[in-house]
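Raw contents of upload-v6.txt, compact mmCIF, C-alpha atoms and all ligand atoms:
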# COMPACT_ATOMS: atom_id res chain seq x y z
CA MET A 29 13.55 -24.35 -22.10
CA THR A 30 12.13 -20.85 -21.92
CA ARG A 31 10.87 -19.94 -18.46
CA LYS A 32 7.26 -18.86 -18.00
CA ALA A 33 6.14 -16.21 -15.53
CA LEU A 34 2.77 -14.88 -14.41
CA ILE A 35 2.77 -11.19 -13.48
CA VAL A 36 -0.05 -10.00 -11.22
CA GLY A 37 -0.22 -6.30 -10.37
CA VAL A 38 0.59 -4.23 -13.45
CA ALA A 39 -1.59 -1.10 -13.52
CA ASN A 40 0.46 1.08 -15.90
CA GLU A 41 3.99 1.70 -17.21
CA ARG A 42 5.12 2.95 -13.78
CA SER A 43 4.13 -0.23 -11.91
CA LEU A 44 6.85 -2.14 -10.06
CA ALA A 45 5.40 -5.35 -11.52
CA TRP A 46 5.97 -3.90 -15.00
CA ALA A 47 9.61 -3.12 -14.15
CA ILE A 48 10.12 -6.75 -13.11
CA ALA A 49 8.29 -7.98 -16.23
CA GLN A 50 10.57 -5.91 -18.48
CA GLU A 51 13.71 -7.40 -16.89
CA LEU A 52 12.29 -10.91 -17.26
CA HIS A 53 11.46 -10.16 -20.90
CA LYS A 54 15.10 -9.13 -21.51
CA GLU A 55 16.07 -12.59 -20.21
CA GLY A 56 13.72 -14.25 -22.69
CA VAL A 57 11.08 -15.26 -20.13
CA GLU A 58 7.59 -15.81 -21.57
CA LEU A 59 5.08 -13.64 -19.72
CA ALA A 60 1.40 -13.70 -18.77
CA PHE A 61 -0.39 -10.69 -17.32
CA THR A 62 -3.55 -9.97 -15.39
CA TYR A 63 -5.53 -6.79 -15.06
CA MET A 64 -7.99 -5.62 -12.43
CA GLY A 65 -11.13 -4.34 -14.17
CA GLU A 66 -11.84 -2.88 -17.61
CA SER A 67 -10.25 0.54 -17.06
CA LEU A 68 -6.91 -1.07 -16.25
CA GLU A 69 -7.24 -3.52 -19.16
CA ARG A 70 -6.85 -0.53 -21.50
CA ARG A 71 -3.50 0.26 -19.88
CA VAL A 72 -2.20 -3.27 -19.33
CA ARG A 73 -3.05 -4.89 -22.67
CA PRO A 74 -0.74 -2.67 -24.82
CA LEU A 75 2.11 -3.13 -22.34
CA ALA A 76 1.63 -6.90 -22.26
CA GLU A 77 1.40 -7.10 -26.05
CA SER A 78 4.61 -5.07 -26.40
CA VAL A 79 6.50 -7.93 -24.70
CA GLY A 80 4.71 -10.59 -26.73
CA ALA A 81 2.34 -11.84 -24.03
CA ARG A 82 -0.42 -14.15 -25.27
CA ILE A 83 -2.11 -14.64 -21.90
CA ILE A 84 -3.77 -11.42 -20.70
CA GLU A 85 -6.59 -12.23 -18.31
CA PRO A 86 -8.82 -10.42 -15.82
CA CYS A 87 -8.01 -11.09 -12.19
CA ASN A 88 -9.60 -9.60 -9.12
CA VAL A 89 -7.66 -11.39 -6.36
CA GLN A 90 -10.76 -11.36 -4.13
CA ASP A 91 -12.70 -13.47 -6.63
CA ASP A 92 -11.98 -17.23 -6.47
CA ALA A 93 -13.82 -17.89 -9.74
CA GLN A 94 -11.56 -15.41 -11.60
CA LEU A 95 -8.48 -16.95 -9.99
CA ASP A 96 -9.58 -20.45 -11.02
CA ALA A 97 -10.28 -19.27 -14.58
CA LEU A 98 -6.87 -17.58 -14.80
CA PHE A 99 -4.95 -20.70 -13.78
CA GLU A 100 -7.10 -22.92 -16.01
CA LYS A 101 -6.09 -20.66 -18.91
CA ILE A 102 -2.41 -20.93 -17.95
CA ARG A 103 -2.69 -24.72 -17.57
CA LYS A 104 -4.23 -25.01 -21.05
CA GLU A 105 -1.78 -22.59 -22.74
CA TRP A 106 1.47 -23.41 -20.95
CA GLY A 107 0.82 -26.61 -18.99
CA HIS A 108 3.29 -25.39 -16.37
CA MET A 109 4.92 -22.21 -15.05
CA ASP A 110 8.20 -21.18 -13.41
CA ALA A 111 7.60 -17.86 -11.70
CA LEU A 112 4.88 -15.79 -10.08
CA VAL A 113 5.10 -12.06 -9.36
CA HIS A 114 2.59 -10.72 -6.82
CA SER A 115 2.53 -6.92 -6.70
CA VAL A 116 -0.93 -6.22 -5.33
CA ALA A 117 -2.08 -4.23 -2.31
CA PHE A 118 -5.06 -2.19 -1.25
CA GLY A 119 -6.17 -0.39 1.87
CA LYS A 120 -9.02 2.06 2.19
CA LYS A 121 -7.86 5.64 1.86
CA GLU A 122 -9.08 6.42 5.37
CA ASP A 123 -6.97 3.54 6.70
CA LEU A 124 -3.76 5.03 5.25
CA GLU A 125 -3.97 8.28 7.21
CA GLY A 126 -5.11 9.60 10.55
CA ARG A 127 -5.37 7.35 13.59
CA PHE A 128 -4.71 3.59 13.32
CA VAL A 129 -7.02 2.93 16.26
CA THR A 130 -10.02 3.95 14.15
CA THR A 131 -9.46 1.21 11.52
CA SER A 132 -12.77 -0.54 10.83
CA ARG A 133 -13.26 -4.31 10.77
CA ASP A 134 -14.17 -4.00 7.08
CA GLY A 135 -11.05 -1.99 6.28
CA PHE A 136 -8.86 -4.40 8.20
CA MET A 137 -10.26 -7.45 6.43
CA LEU A 138 -10.15 -5.79 3.00
CA ALA A 139 -6.48 -4.82 3.34
CA MET A 140 -5.55 -8.27 4.67
CA ASP A 141 -7.47 -10.06 1.92
CA VAL A 142 -6.19 -8.03 -1.03
CA SER A 143 -2.65 -7.43 0.24
CA ALA A 144 -1.76 -10.65 2.11
CA TYR A 145 -4.19 -13.52 1.52
CA SER A 146 -4.01 -12.94 -2.24
CA LEU A 147 -0.42 -14.26 -2.20
CA LEU A 148 -1.67 -17.60 -0.82
CA ALA A 149 -4.62 -17.66 -3.21
CA LEU A 150 -2.19 -17.37 -6.15
CA ALA A 151 0.52 -19.64 -4.69
CA LYS A 152 -1.97 -22.43 -4.03
CA ARG A 153 -3.08 -22.41 -7.66
CA ALA A 154 0.45 -21.98 -9.05
CA GLU A 155 1.85 -24.90 -7.05
CA PRO A 156 0.59 -27.78 -9.25
CA LEU A 157 1.90 -25.93 -12.33
CA MET A 158 5.33 -25.42 -10.76
CA GLU A 159 5.72 -29.00 -9.55
CA GLY A 160 9.26 -30.31 -9.95
CA ARG A 161 10.47 -27.14 -11.70
CA ARG A 162 12.21 -25.21 -8.91
CA GLY A 163 9.69 -22.41 -9.36
CA SER A 164 9.92 -19.04 -7.68
CA ILE A 165 7.41 -16.66 -6.15
CA LEU A 166 8.06 -12.99 -5.47
CA THR A 167 6.01 -10.32 -3.71
CA LEU A 168 6.45 -6.64 -2.87
CA SER A 169 6.60 -5.28 0.67
CA TYR A 170 7.55 -2.11 2.50
CA TYR A 171 9.46 -1.20 5.67
CA GLY A 172 6.20 -0.18 7.38
CA ALA A 173 5.72 -3.94 7.91
CA GLU A 174 8.51 -3.92 10.52
CA LYS A 175 8.62 -0.44 12.03
CA VAL A 176 6.03 2.30 12.40
CA VAL A 177 5.91 4.59 9.37
CA PRO A 178 3.42 7.35 10.25
CA ASN A 179 0.15 7.01 8.31
CA TYR A 180 1.07 3.66 6.72
CA ASN A 181 -1.18 2.25 9.46
CA MET A 182 -3.32 -0.64 8.22
CA MET A 183 -1.00 -1.36 5.29
CA GLY A 184 1.83 -1.89 7.78
CA VAL A 185 -0.18 -4.62 9.48
CA ALA A 186 -1.09 -6.16 6.13
CA LYS A 187 2.56 -6.10 4.95
CA ALA A 188 3.65 -7.70 8.25
CA ALA A 189 1.17 -10.50 7.51
CA LEU A 190 2.45 -10.68 3.93
CA GLU A 191 6.08 -11.09 5.07
CA ALA A 192 5.03 -13.82 7.52
CA CYS A 193 3.15 -15.52 4.67
CA VAL A 194 6.38 -15.42 2.65
CA ARG A 195 8.20 -17.33 5.42
CA TYR A 196 5.50 -19.96 5.94
CA LEU A 197 5.02 -20.42 2.20
CA ALA A 198 8.80 -20.78 1.79
CA TRP A 199 8.83 -23.55 4.40
CA ASP A 200 5.74 -25.25 3.00
CA MET A 201 6.49 -24.96 -0.73
CA GLY A 202 10.23 -25.55 -0.38
CA GLY A 203 9.48 -29.14 0.57
CA HIS A 204 6.97 -29.55 -2.27
CA GLY A 205 8.78 -28.93 -5.56
CA LYS A 206 11.61 -26.77 -4.19
CA THR A 207 9.70 -23.57 -4.89
CA THR A 208 11.29 -20.42 -3.46
CA VAL A 209 9.22 -17.59 -1.97
CA ASN A 210 10.68 -14.15 -1.33
CA ALA A 211 9.75 -10.50 -0.91
CA ILE A 212 11.35 -7.23 -2.00
CA SER A 213 11.03 -4.40 0.50
CA ALA A 214 11.22 -1.37 -1.77
CA GLY A 215 11.76 2.26 -0.84
CA PRO A 216 9.02 4.68 -1.93
CA VAL A 217 8.56 5.08 -5.70
CA LYS A 218 6.10 7.24 -7.62
CA THR A 219 3.56 4.75 -8.97
CA LEU A 220 -0.22 4.74 -9.34
CA ALA A 221 -0.50 3.41 -5.75
CA ALA A 222 1.48 6.43 -4.54
CA ALA A 223 -0.79 8.83 -6.44
CA GLY A 224 -3.56 8.15 -3.92
CA ILE A 225 -1.39 9.07 -0.93
CA ARG A 226 -1.47 12.47 0.70
CA ASP A 227 1.87 14.36 0.71
CA PHE A 228 3.69 11.59 -1.14
CA ARG A 229 5.97 14.12 -2.87
CA SER A 230 7.28 15.53 0.40
CA MET A 231 7.63 11.96 1.69
CA LEU A 232 9.80 11.15 -1.32
CA SER A 233 12.15 14.09 -0.78
CA ALA A 234 12.38 13.39 2.97
CA ALA A 235 13.07 9.72 2.23
CA ALA A 236 16.00 10.57 -0.02
CA GLU A 237 17.59 12.83 2.66
CA ASN A 238 17.50 10.07 5.26
CA THR A 239 19.16 7.30 3.28
CA PRO A 240 22.88 6.48 3.15
CA LEU A 241 22.84 6.96 -0.63
CA LYS A 242 20.90 10.26 -0.45
CA GLU A 243 18.70 9.37 -3.40
CA ASN A 244 15.49 7.49 -4.00
CA ILE A 245 15.20 4.22 -5.82
CA ASP A 246 13.46 3.78 -9.14
CA GLN A 247 11.42 1.09 -10.82
CA GLU A 248 14.46 -0.41 -12.54
CA ASP A 249 16.09 -1.10 -9.14
CA VAL A 250 13.08 -3.25 -8.27
CA GLY A 251 13.08 -4.85 -11.72
CA THR A 252 16.68 -6.02 -11.58
CA LEU A 253 16.46 -7.38 -8.01
CA GLY A 254 13.17 -9.08 -8.90
CA ALA A 255 14.66 -10.74 -11.97
CA PHE A 256 17.57 -11.97 -9.84
CA LEU A 257 15.32 -13.44 -7.11
CA LEU A 258 13.27 -15.23 -9.77
CA SER A 259 16.34 -16.58 -11.59
CA PRO A 260 18.25 -19.84 -11.09
CA ALA A 261 21.06 -17.71 -9.61
CA ALA A 262 18.86 -17.30 -6.51
CA LYS A 263 17.74 -20.94 -6.28
CA HIS A 264 18.83 -21.27 -2.64
CA ILE A 265 17.40 -17.94 -1.46
CA THR A 266 13.98 -18.40 0.09
CA GLY A 267 11.74 -17.00 2.83
CA THR A 268 13.57 -13.70 2.86
CA THR A 269 12.75 -10.03 2.42
CA MET A 270 15.43 -8.14 0.50
CA TYR A 271 15.69 -4.35 0.59
CA VAL A 272 16.03 -1.97 -2.35
CA ASP A 273 15.79 1.26 -0.39
CA SER A 274 19.11 3.13 -0.76
CA GLY A 275 19.92 1.72 2.69
CA ALA A 276 16.99 3.39 4.53
CA HIS A 277 16.38 0.31 6.70
CA ILE A 278 19.77 0.54 8.48
CA MET A 279 18.99 3.98 9.93
CA ALA A 280 17.82 4.64 13.50
O1 LIG A 301 2.20 0.01 0.01
C1 LIG A 301 2.18 1.17 -0.32
C2 LIG A 301 0.85 1.81 -0.70
C3 LIG A 301 -0.13 0.86 -1.32
C4 LIG A 301 -1.55 1.42 -1.36
C5 LIG A 301 -1.83 2.64 -1.93
C6 LIG A 301 -3.13 3.11 -1.94
C7 LIG A 301 -3.48 4.47 -2.48
C8 LIG A 301 -4.92 4.56 -2.92
C9 LIG A 301 -2.56 0.69 -0.80
N1 LIG A 301 -3.83 1.12 -0.78
C10 LIG A 301 -4.13 2.32 -1.35
N2 LIG A 301 -5.43 2.73 -1.33
C11 LIG A 301 -5.87 3.82 -2.01
O2 LIG A 301 -7.05 4.20 -1.91
N3 LIG A 301 3.34 1.92 -0.29
C12 LIG A 301 4.56 1.29 0.11
C13 LIG A 301 3.40 3.35 -0.64
C14 LIG A 301 3.17 4.16 0.60
O3 LIG A 301 1.91 4.40 1.02
C15 LIG A 301 2.00 5.13 2.19
C16 LIG A 301 3.34 5.34 2.50
C17 LIG A 301 4.10 4.73 1.48
C18 LIG A 301 5.58 4.67 1.36
C19 LIG A 301 0.99 5.62 3.01
C20 LIG A 301 1.34 6.34 4.15
C21 LIG A 301 2.66 6.54 4.47
C22 LIG A 301 3.68 6.06 3.65
Any chance you could put this one into structure tokens?
Amino acid sequence: MTRKALIVGVANERSLAWAIAQELHKEGVELAFTYMGESLERRVRPLAESVGARIIEPCNVQDDAQLDALFEKIRKEWGHMDALVHSVAFGKKEDLEGRFVTTSRDGFMLAMDVSAYSLLALAKRAEPLMEGRRGSILTLSYYGAEKVVPNYNMMGVAKAALEACVRYLAWDMGGHGKTTVNAISAGPVKTLAAAGIRDFRSMLSAAAENTPLKENIDQEDVGTLGAFLLSPAAKHITGTTMYVDSGAHIMA
């Protein structure tokens, strides 16, 4: 039986979600994609079609009606699913620089909603479709969830919440259908999300210097680990955050 996976969070060909999708495609997994807004549809649709996707739907993770419509479409087309990739995050630009203490209530709630709650919103709707299939859920995190990375600020708090959600979902969903839930903590990569971050280039070169392997990771590193965590080979790995960071997380 060919596995079926929903990929949420492709923006363009550099997206980590796209790297994971490509690895899954190599394994013969049938894929569905979402896009956030019309401008991204123009980028996502050709990518999705290039791997034979038939389900390409709009999805703003803050909109319950869009989420319901997306899963109704998947239920009608597939009837079930095996894997969910969540690669979505957003914080206001002003909450990713300067002083953390100035974070607004609005900015806090926005980052938590888009970057952490959205995993639950998707998992809740995926659960009935994954029932009895040993499904797997994967999200993307960053080391700023655990330790202070200057300027990561509000996103660090949101990623900490996301990693806690991974553990509680793993406990909850493990007992209902043996679904696994894991996160990848990736080193910095040049994606669209990085394009909005001040001094990201110098961050990238500094990051490479400070890792055991003395080089940065790339999208494919995330793709291959993601495909593993979503595969039957990882069926007893759940609730964990795995690093692809050239070893950065071992350094003091
Ligand atoms: O999680 C991230 C960044 C995700 C992100 C990016 C943006 C840019 C545009 C979330 N929200 C926004 N909002 C925007 O308006 N990373 C792991 C990449 C990243 O971002 C940083 C980093 C690293 C690494 C910000 C400050 C310091 C380090």
Checklist entry - What does the distance from atom CA of Leu147 of chain A to atom CA of Val72 of chain A come to in Å, to one decimal? => result 20.4 Å
Checklist entry - Closest to ligand LIG 301 (chain A) among A:Thr30, A:Ser230, A:Thr208, A:Ser78, using only C-alpha atoms and all ligand atoms? => result A:Ser230
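With all atoms listed in the file as the atoms that count, the set of residues no farther than 6 Å from ligand LIG 301 (chain A) is A:Ala117, A:Phe118, A:Gly119, A:Lys120, A:Lys121, A:Leu124, A:Tyr170, A:Pro178, A:Asn179, A:Tyr180, A:Pro216, A:Ala221, A:Ala222, A:Gly224, A:Ile225.
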Next on the checklist: So that I can check the surroundings of segment 195-197 of chain A, please list as a VMD selection string every protein, DNA and RNA residue that reaches within 12 Å of it, counting all atoms listed in the file and ignoring chain neighbours fewer than 6 positions away.
Outcome noted: chain A and resid 144 to 145 147 to 152 155 164 to 167 188 to 189 203 to 204 206 to 211 265 to 269
Item to check | Coordinates-based distance that separates atom CA of His114 of chain A from atom CA of Ser43 of chain A (Å, one decimal) | outcome: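 Between atom CA of Ser43 of chain A and atom CA of His114 of chain A the gap works out to 11.8 Å.
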Item to check | Which of A:Leu44, A:Met183, A:Ala33, A:Ala261 sits closest to Ala214 of chain A [using all atoms listed in the file] | outcome: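 Distance minimum relative to Ala214 of chain A lands on A:Leu44.
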Item to check | Interatomic distance (Å, one decimal) between atom CA of Val194 of chain A and atom CA of Glu58 of chain A | outcome: 24.3 Å
Item to check | Closest of A:Glu243, A:Asp141, A:Glu105, A:Glu77 to Asp92 of chain A - atom-to-atom distances counting all atoms listed in the file | outcome: A:Asp141
Checklist entry - Which residue, A:Asn88, A:Asn181, A:Ser213, A:Thr219, has the smallest gap to Thr62 of chain A when you use all atoms listed in the file? => result A:Asn88
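Counting only C-alpha atoms, the residue from A:Ile83, A:Ile212, A:Val116, A:Ala139 that sits nearest to Tyr171 of chain A is A:Ile212.
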Centre and edge lengths of an axis-aligned box around all listed atoms of segment 205-222 of chain A, with 5 Å added on each side, are to be given in Å to one decimal, as JSON.
{"center_x": 5.6, "center_y": -10.8, "center_z": -4.4, "size_x": 22.3, "size_y": 46.2, "size_z": 19.8}
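Residue nearest Gly107 of chain A within the list A:Ala262, A:Met158, A:Arg42, A:Ala198: A:Met158 [criterion: smallest interatomic distance, only C-alpha atoms].
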Next on the checklist: Distance cut-off 10 Å, centre (-10.5, -10.3, -15.5) in file coordinates, counting all atoms listed in the file: which residues qualify? Return them as a PyMOL selection string.
Outcome noted: chain A and resi 62-66+68-69+84-89+91+94-95+97-98
Spatial neighbours of segment 249-260 of chain A, max dist 6 Å, all atoms listed in the file, sep filter under 6 positions, as a PDB file with C-alpha atoms, in the coordinates of the input:
ATOM      1  CA  ALA A  47       9.610  -3.120 -14.150  1.00  0.00           C
ATOM      2  CA  ILE A  48      10.120  -6.750 -13.110  1.00  0.00           C
ATOM      3  CA  GLU A  51      13.710  -7.400 -16.890  1.00  0.00           C
ATOM      4  CA  LEU A  52      12.290 -10.910 -17.260  1.00  0.00           C
ATOM      5  CA  SER A 164       9.920 -19.040  -7.680  1.00  0.00           C
TER       6      SER A 164
END
If we count only C-alpha atoms, what is near Met109 of chain A at a cut-off of 12 Å, once residues fewer than 3 positions away on the same chain are taken out, given as a PDB file with C-alpha atoms, in the coordinates of the input?
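Saved the output as part_6.pdb:
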ATOM      1  CA  MET A  29      13.550 -24.350 -22.100  1.00  0.00           C
ATOM      2  CA  THR A  30      12.130 -20.850 -21.920  1.00  0.00           C
ATOM      3  CA  ARG A  31      10.870 -19.940 -18.460  1.00  0.00           C
ATOM      4  CA  LYS A  32       7.260 -18.860 -18.000  1.00  0.00           C
ATOM      5  CA  ALA A  33       6.140 -16.210 -15.530  1.00  0.00           C
ATOM      6  CA  LEU A  34       2.770 -14.880 -14.410  1.00  0.00           C
ATOM      7  CA  ILE A  35       2.770 -11.190 -13.480  1.00  0.00           C
ATOM      8  CA  VAL A  57      11.080 -15.260 -20.130  1.00  0.00           C
ATOM      9  CA  GLU A  58       7.590 -15.810 -21.570  1.00  0.00           C
ATOM     10  CA  LEU A  59       5.080 -13.640 -19.720  1.00  0.00           C
ATOM     11  CA  ALA A  60       1.400 -13.700 -18.770  1.00  0.00           C
ATOM     12  CA  PHE A  99      -4.950 -20.700 -13.780  1.00  0.00           C
ATOM     13  CA  LYS A 101      -6.090 -20.660 -18.910  1.00  0.00           C
ATOM     14  CA  ILE A 102      -2.410 -20.930 -17.950  1.00  0.00           C
ATOM     15  CA  ARG A 103      -2.690 -24.720 -17.570  1.00  0.00           C
ATOM     16  CA  LYS A 104      -4.230 -25.010 -21.050  1.00  0.00           C
ATOM     17  CA  GLU A 105      -1.780 -22.590 -22.740  1.00  0.00           C
ATOM     18  CA  TRP A 106       1.470 -23.410 -20.950  1.00  0.00           C
ATOM     19  CA  LEU A 112       4.880 -15.790 -10.080  1.00  0.00           C
ATOM     20  CA  VAL A 113       5.100 -12.060  -9.360  1.00  0.00           C
ATOM     21  CA  ALA A 151       0.520 -19.640  -4.690  1.00  0.00           C
ATOM     22  CA  ARG A 153      -3.080 -22.410  -7.660  1.00  0.00           C
ATOM     23  CA  ALA A 154       0.450 -21.980  -9.050  1.00  0.00           C
ATOM     24  CA  GLU A 155       1.850 -24.900  -7.050  1.00  0.00           C
ATOM     25  CA  PRO A 156       0.590 -27.780  -9.250  1.00  0.00           C
ATOM     26  CA  LEU A 157       1.900 -25.930 -12.330  1.00  0.00           C
ATOM     27  CA  MET A 158       5.330 -25.420 -10.760  1.00  0.00           C
ATOM     28  CA  GLU A 159       5.720 -29.000  -9.550  1.00  0.00           C
ATOM     29  CA  GLY A 160       9.260 -30.310  -9.950  1.00  0.00           C
ATOM     30  CA  ARG A 161      10.470 -27.140 -11.700  1.00  0.00           C
ATOM     31  CA  ARG A 162      12.210 -25.210  -8.910  1.00  0.00           C
ATOM     32  CA  GLY A 163       9.690 -22.410  -9.360  1.00  0.00           C
ATOM     33  CA  SER A 164       9.920 -19.040  -7.680  1.00  0.00           C
ATOM     34  CA  ILE A 165       7.410 -16.660  -6.150  1.00  0.00           C
ATOM     35  CA  THR A 207       9.700 -23.570  -4.890  1.00  0.00           C
TER      36      THR A 207
END
How about completing segment 139-164 of chain A with N, CA and C atoms and giving it to me as a PDB file, keeping the file's coordinate frame?
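Once everything was written out, this is out18.pdb:
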ATOM      1  N   ALA A 139      -7.929  -4.977   3.555  1.00  0.00           N
ATOM      2  CA  ALA A 139      -6.480  -4.820   3.340  1.00  0.00           C
ATOM      3  C   ALA A 139      -5.768  -6.165   3.490  1.00  0.00           C
ATOM      4  N   MET A 140      -6.180  -6.965   4.474  1.00  0.00           N
ATOM      5  CA  MET A 140      -5.550  -8.270   4.670  1.00  0.00           C
ATOM      6  C   MET A 140      -5.850  -9.214   3.512  1.00  0.00           C
ATOM      7  N   ASP A 141      -7.064  -9.173   3.014  1.00  0.00           N
ATOM      8  CA  ASP A 141      -7.470 -10.060   1.920  1.00  0.00           C
ATOM      9  C   ASP A 141      -6.721  -9.716   0.636  1.00  0.00           C
ATOM     10  N   VAL A 142      -6.788  -8.445   0.244  1.00  0.00           N
ATOM     11  CA  VAL A 142      -6.190  -8.030  -1.030  1.00  0.00           C
ATOM     12  C   VAL A 142      -4.666  -8.042  -0.960  1.00  0.00           C
ATOM     13  N   SER A 143      -4.095  -7.657   0.182  1.00  0.00           N
ATOM     14  CA  SER A 143      -2.650  -7.430   0.240  1.00  0.00           C
ATOM     15  C   SER A 143      -1.862  -8.623   0.766  1.00  0.00           C
ATOM     16  N   ALA A 144      -2.495  -9.508   1.530  1.00  0.00           N
ATOM     17  CA  ALA A 144      -1.760 -10.650   2.110  1.00  0.00           C
ATOM     18  C   ALA A 144      -2.341 -11.985   1.659  1.00  0.00           C
ATOM     19  N   TYR A 145      -3.624 -12.214   1.897  1.00  0.00           N
ATOM     20  CA  TYR A 145      -4.190 -13.520   1.520  1.00  0.00           C
ATOM     21  C   TYR A 145      -4.034 -13.805   0.021  1.00  0.00           C
ATOM     22  N   SER A 146      -4.091 -12.755  -0.783  1.00  0.00           N
ATOM     23  CA  SER A 146      -4.010 -12.940  -2.240  1.00  0.00           C
ATOM     24  C   SER A 146      -2.725 -13.679  -2.648  1.00  0.00           C
ATOM     25  N   LEU A 147      -1.655 -13.524  -1.881  1.00  0.00           N
ATOM     26  CA  LEU A 147      -0.420 -14.260  -2.200  1.00  0.00           C
ATOM     27  C   LEU A 147      -0.659 -15.766  -2.075  1.00  0.00           C
ATOM     28  N   LEU A 148      -1.347 -16.177  -1.005  1.00  0.00           N
ATOM     29  CA  LEU A 148      -1.670 -17.600  -0.820  1.00  0.00           C
ATOM     30  C   LEU A 148      -2.615 -18.093  -1.902  1.00  0.00           C
ATOM     31  N   ALA A 149      -3.610 -17.267  -2.215  1.00  0.00           N
ATOM     32  CA  ALA A 149      -4.620 -17.660  -3.210  1.00  0.00           C
ATOM     33  C   ALA A 149      -3.947 -17.957  -4.548  1.00  0.00           C
ATOM     34  N   LEU A 150      -2.931 -17.160  -4.899  1.00  0.00           N
ATOM     35  CA  LEU A 150      -2.190 -17.370  -6.150  1.00  0.00           C
ATOM     36  C   LEU A 150      -1.216 -18.530  -6.018  1.00  0.00           C
ATOM     37  N   ALA A 151      -0.498 -18.599  -4.887  1.00  0.00           N
ATOM     38  CA  ALA A 151       0.520 -19.640  -4.690  1.00  0.00           C
ATOM     39  C   ALA A 151      -0.106 -21.029  -4.724  1.00  0.00           C
ATOM     40  N   LYS A 152      -1.250 -21.156  -4.083  1.00  0.00           N
ATOM     41  CA  LYS A 152      -1.970 -22.430  -4.030  1.00  0.00           C
ATOM     42  C   LYS A 152      -2.277 -22.942  -5.426  1.00  0.00           C
ATOM     43  N   ARG A 153      -2.713 -22.024  -6.294  1.00  0.00           N
ATOM     44  CA  ARG A 153      -3.080 -22.410  -7.660  1.00  0.00           C
ATOM     45  C   ARG A 153      -1.860 -22.568  -8.565  1.00  0.00           C
ATOM     46  N   ALA A 154      -0.780 -21.863  -8.243  1.00  0.00           N
ATOM     47  CA  ALA A 154       0.450 -21.980  -9.050  1.00  0.00           C
ATOM     48  C   ALA A 154       1.184 -23.287  -8.728  1.00  0.00           C
ATOM     49  N   GLU A 155       1.041 -23.765  -7.503  1.00  0.00           N
ATOM     50  CA  GLU A 155       1.850 -24.900  -7.050  1.00  0.00           C
ATOM     51  C   GLU A 155       1.800 -26.128  -7.976  1.00  0.00           C
ATOM     52  N   PRO A 156       0.608 -26.597  -8.368  1.00  0.00           N
ATOM     53  CA  PRO A 156       0.590 -27.780  -9.250  1.00  0.00           C
ATOM     54  C   PRO A 156       1.268 -27.525 -10.592  1.00  0.00           C
ATOM     55  N   LEU A 157       1.280 -26.271 -11.045  1.00  0.00           N
ATOM     56  CA  LEU A 157       1.900 -25.930 -12.330  1.00  0.00           C
ATOM     57  C   LEU A 157       3.421 -25.791 -12.213  1.00  0.00           C
ATOM     58  N   MET A 158       3.894 -25.607 -10.982  1.00  0.00           N
ATOM     59  CA  MET A 158       5.330 -25.420 -10.760  1.00  0.00           C
ATOM     60  C   MET A 158       6.003 -26.715 -10.302  1.00  0.00           C
ATOM     61  N   GLU A 159       5.222 -27.757 -10.128  1.00  0.00           N
ATOM     62  CA  GLU A 159       5.720 -29.000  -9.550  1.00  0.00           C
ATOM     63  C   GLU A 159       6.984 -29.514 -10.225  1.00  0.00           C
ATOM     64  N   GLY A 160       8.021 -29.752  -9.428  1.00  0.00           N
ATOM     65  CA  GLY A 160       9.260 -30.310  -9.950  1.00  0.00           C
ATOM     66  C   GLY A 160      10.077 -29.379 -10.818  1.00  0.00           C
ATOM     67  N   ARG A 161       9.790 -28.070 -10.794  1.00  0.00           N
ATOM     68  CA  ARG A 161      10.470 -27.140 -11.700  1.00  0.00           C
ATOM     69  C   ARG A 161      11.334 -26.116 -10.990  1.00  0.00           C
ATOM     70  N   ARG A 162      11.479 -26.233  -9.670  1.00  0.00           N
ATOM     71  CA  ARG A 162      12.210 -25.210  -8.910  1.00  0.00           C
ATOM     72  C   ARG A 162      11.653 -23.822  -9.221  1.00  0.00           C
ATOM     73  N   GLY A 163      10.354 -23.681  -9.086  1.00  0.00           N
ATOM     74  CA  GLY A 163       9.690 -22.410  -9.360  1.00  0.00           C
ATOM     75  C   GLY A 163      10.042 -21.358  -8.329  1.00  0.00           C
ATOM     76  N   SER A 164       9.636 -20.120  -8.620  1.00  0.00           N
ATOM     77  CA  SER A 164       9.920 -19.040  -7.680  1.00  0.00           C
ATOM     78  C   SER A 164       8.748 -18.074  -7.618  1.00  0.00           C
TER      79      SER A 164
END
